[in-house]
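All remarks here apply to the structure that follows.
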Amino acid sequence: MALSANLFLRQNQSLVMTPQLMQSIQLLQMTHVELTQFIAQEVEKNPLLEIPSGEGEAGERGEAADEPYPQQMDDAGDGEYEDRGETLSGDWYDNGSSSRLSDELDANYTNAFPDDGAPQRLDAPELISQWKSMPGSAEGADSNYDLDDFVAGQISLRDHLAQQIPFILPDMADRLIAQNLVDQLDDAGYLQADVAEAGERLGTDADDIERVLSALQTLDPPGVFARSLAECLAIQLRQKDRFDPAMQALVENLELLARRDFATLKRLCGVDEEDLLDMLAEIRQLNPKPGSSFEAGVSEAIMPDVVVRPSSDGGWLVELNPDTLPRVLVNQSYFSRVAKNGEDHAFLSECLQSANWLTRSLDQRAKTIMKVASEIVRQQDAFLLHGVDHLRPLNLKTVAEAIKMHESTVSRVTSNKYMLTPRGLFELKYFFTVSISAVEGGDSHSAEAVRHKIRTLILQENPDAVLSDDDIVDMLKKGGIDLARRTVAKYREAMNIASSVQRRREKRALAKVAGF
């Protein structure tokens, strides 16, 4: 067969990942905070994009904003803003205001010249509706305030310790050693340094390091500068004057306490069972991480993306949370006024295309979240009605086929998105669980529902009849759940539940003390 070159005409379809398509995909998996930051960056780069300040502005202006700026330049072109009579208050500058001013000056000095004084701060903004006499609560006053102004400033662990060191270490050399040890504390307040190595680095004896370290271990918070968990607990017990020989033996054998080996602990500590349980109660009241309260990270409140409420017809009403929906306006009026010459028109046309793409992408994102959330609510109707015991097994493929989307799209939508339901606040990923087969071909069970059943069985067990993993397997089979023993052990350990031997020792000791 001879080889030759030929021309063919062929038509095919292919998916091209354009930069805009890639950004649209990234918008799906962004959280509310990330999306807000992304929109702020786009608004800063694009002059046609605007973020409305409130509901009223969005409703009045729409996409075509007739007045993009609050003030217009004077037609005379003198460079000054037009005087609309809004800078002076007519109450004080009319002809009959002098007598009124003299009458009120003695009663209220702060209202005489409101423009000259500092703005009044709200003392308790949460009580502004009850206390009408509070500054800023008057009708017509500017009641906008920043909640961050009322938040106490956070202090770090190192700053907190630096304020106390001069009171216990008057010598400057000791303070230098103390500062070096402070720099080697971890976030939990433990000292991550070797005394001998620190002495060589600072050119001093190890005895001086130990002396300074002993002084530092008396600082607040109790337990700071400890080198191990046992030392941390011992420092706190010494400050409470509870570090007797029995407690010292208990602290030195924490591994036996973790195994609930109460018989060995009673022999080592020389106490009976009741005293041992009292000692354990004191141990539980101590703080194993004294520096954790000074963490610099600020906890952020989770805002639900979807809100589910019961409807009047017996079903469920699924809505997007308006507080998490981004509001972006495209200023068409500004584009029509400014885009006159060729250079401005080309630039603004590109900005207009980018702005329209962003609004369409945000709208598509909201619709996709709504579709996925509605299908999850439809699939997990029994969970919303009866609780976690009725949580159905669900995977991404089932939801993707129901809403006719790809599994990767559903995965991006459910990442870091939350749903507020009558049962509480849940991440969308919570509703996707592994299916566990049932006995004799019954309906399959959700892995989360099975874990809840295991936890419930253990909480309800009798101290004289503690359930082993084999007993839990038999009880689950009676309930129609076919589960292996190793799977039960894996679920139990994941929920941080001790073994049957350890639970039996602890519950029998507690029951004996209680007199049962």
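If you're wondering about the labels, chains in the structure tokens are A, B, ... by order shown, residues count from 1 in each chain, ligands from 1 in order shown.
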If you count only C-alpha atoms, which residues fall within 12 Å of Leu265 of chain A, apart from same-chain ones fewer than 6 positions away, as JSON, numbers by chain? {"A": [246, 247, 248, 249, 250, 251, 252, 253, 254, 255, 256, 257, 258, 259, 271, 272, 273, 275, 276, 277, 279, 280]}
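Across A:Ala509, A:Val410, A:Ala215, A:Val306, the tightest approach to Leu425 of chain A is made by A:Val306 when counting only C-alpha atoms.
Reported to one decimal place, the separation of atom CA of Ser293 of chain A from atom CA of Leu191 of chain A is 16.4 Å.
Around segment 162-173 of chain A, within 10 Å and counting only C-alpha atoms, the residues found are A:Ser156, A:Leu157, A:Arg158, A:Asp159, A:His160, A:Arg175, A:Leu176, A:Ile177, A:Ala178, A:Gln179, A:Val182, A:Thr204, A:Asp208, A:Val212, A:Ala215, A:Leu216, A:Thr218, A:Leu219, A:Asp220, once anything fewer than 2 positions away on its own chain is removed.
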Leu420 of chain A: which residues within 8 Å, counting only C-alpha atoms, same-chain residues fewer than 6 positions away excluded, as a compact mmCIF listing (two decimals) with all heavy atoms, in the first residue's frame?
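Resulting contents of selection.txt:
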```
# COMPACT_ATOMS: atom_id res chain seq x y z
N PRO A 304 -23.63 29.95 57.56
CA PRO A 304 -24.20 28.94 56.66
C PRO A 304 -24.46 29.52 55.27
O PRO A 304 -24.88 30.66 55.13
CB PRO A 304 -25.51 28.56 57.36
CG PRO A 304 -25.86 29.75 58.18
CD PRO A 304 -24.56 30.36 58.62
N ASP A 305 -24.17 28.73 54.26
CA ASP A 305 -24.45 29.14 52.89
C ASP A 305 -25.89 28.82 52.49
O ASP A 305 -26.43 29.48 51.60
CB ASP A 305 -23.48 28.42 51.93
CG ASP A 305 -22.04 28.76 52.23
OD1 ASP A 305 -21.42 28.06 53.05
OD2 ASP A 305 -21.53 29.73 51.66
N VAL A 306 -26.48 27.82 53.14
CA VAL A 306 -27.84 27.40 52.82
C VAL A 306 -28.62 27.29 54.12
O VAL A 306 -28.09 26.81 55.13
CB VAL A 306 -27.85 26.04 52.07
CG1 VAL A 306 -29.27 25.64 51.70
CG2 VAL A 306 -26.98 26.11 50.82
N VAL A 307 -29.86 27.73 54.10
CA VAL A 307 -30.74 27.66 55.26
C VAL A 307 -31.94 26.78 54.90
O VAL A 307 -32.58 26.99 53.86
CB VAL A 307 -31.22 29.06 55.69
CG1 VAL A 307 -32.15 28.96 56.89
CG2 VAL A 307 -30.03 29.95 56.01
N VAL A 308 -32.23 25.79 55.74
CA VAL A 308 -33.34 24.86 55.52
C VAL A 308 -34.34 25.05 56.64
O VAL A 308 -33.98 24.97 57.83
CB VAL A 308 -32.84 23.40 55.47
CG1 VAL A 308 -34.00 22.44 55.26
CG2 VAL A 308 -31.81 23.23 54.37
N PHE A 426 -24.41 21.95 59.75
CA PHE A 426 -23.62 20.83 59.24
C PHE A 426 -22.90 21.27 57.96
O PHE A 426 -23.43 22.06 57.18
CB PHE A 426 -24.50 19.61 58.92
CG PHE A 426 -25.24 19.07 60.10
CD1 PHE A 426 -26.54 19.47 60.37
CD2 PHE A 426 -24.63 18.15 60.95
CE1 PHE A 426 -27.23 18.98 61.46
CE2 PHE A 426 -25.32 17.66 62.05
CZ PHE A 426 -26.62 18.06 62.30
```
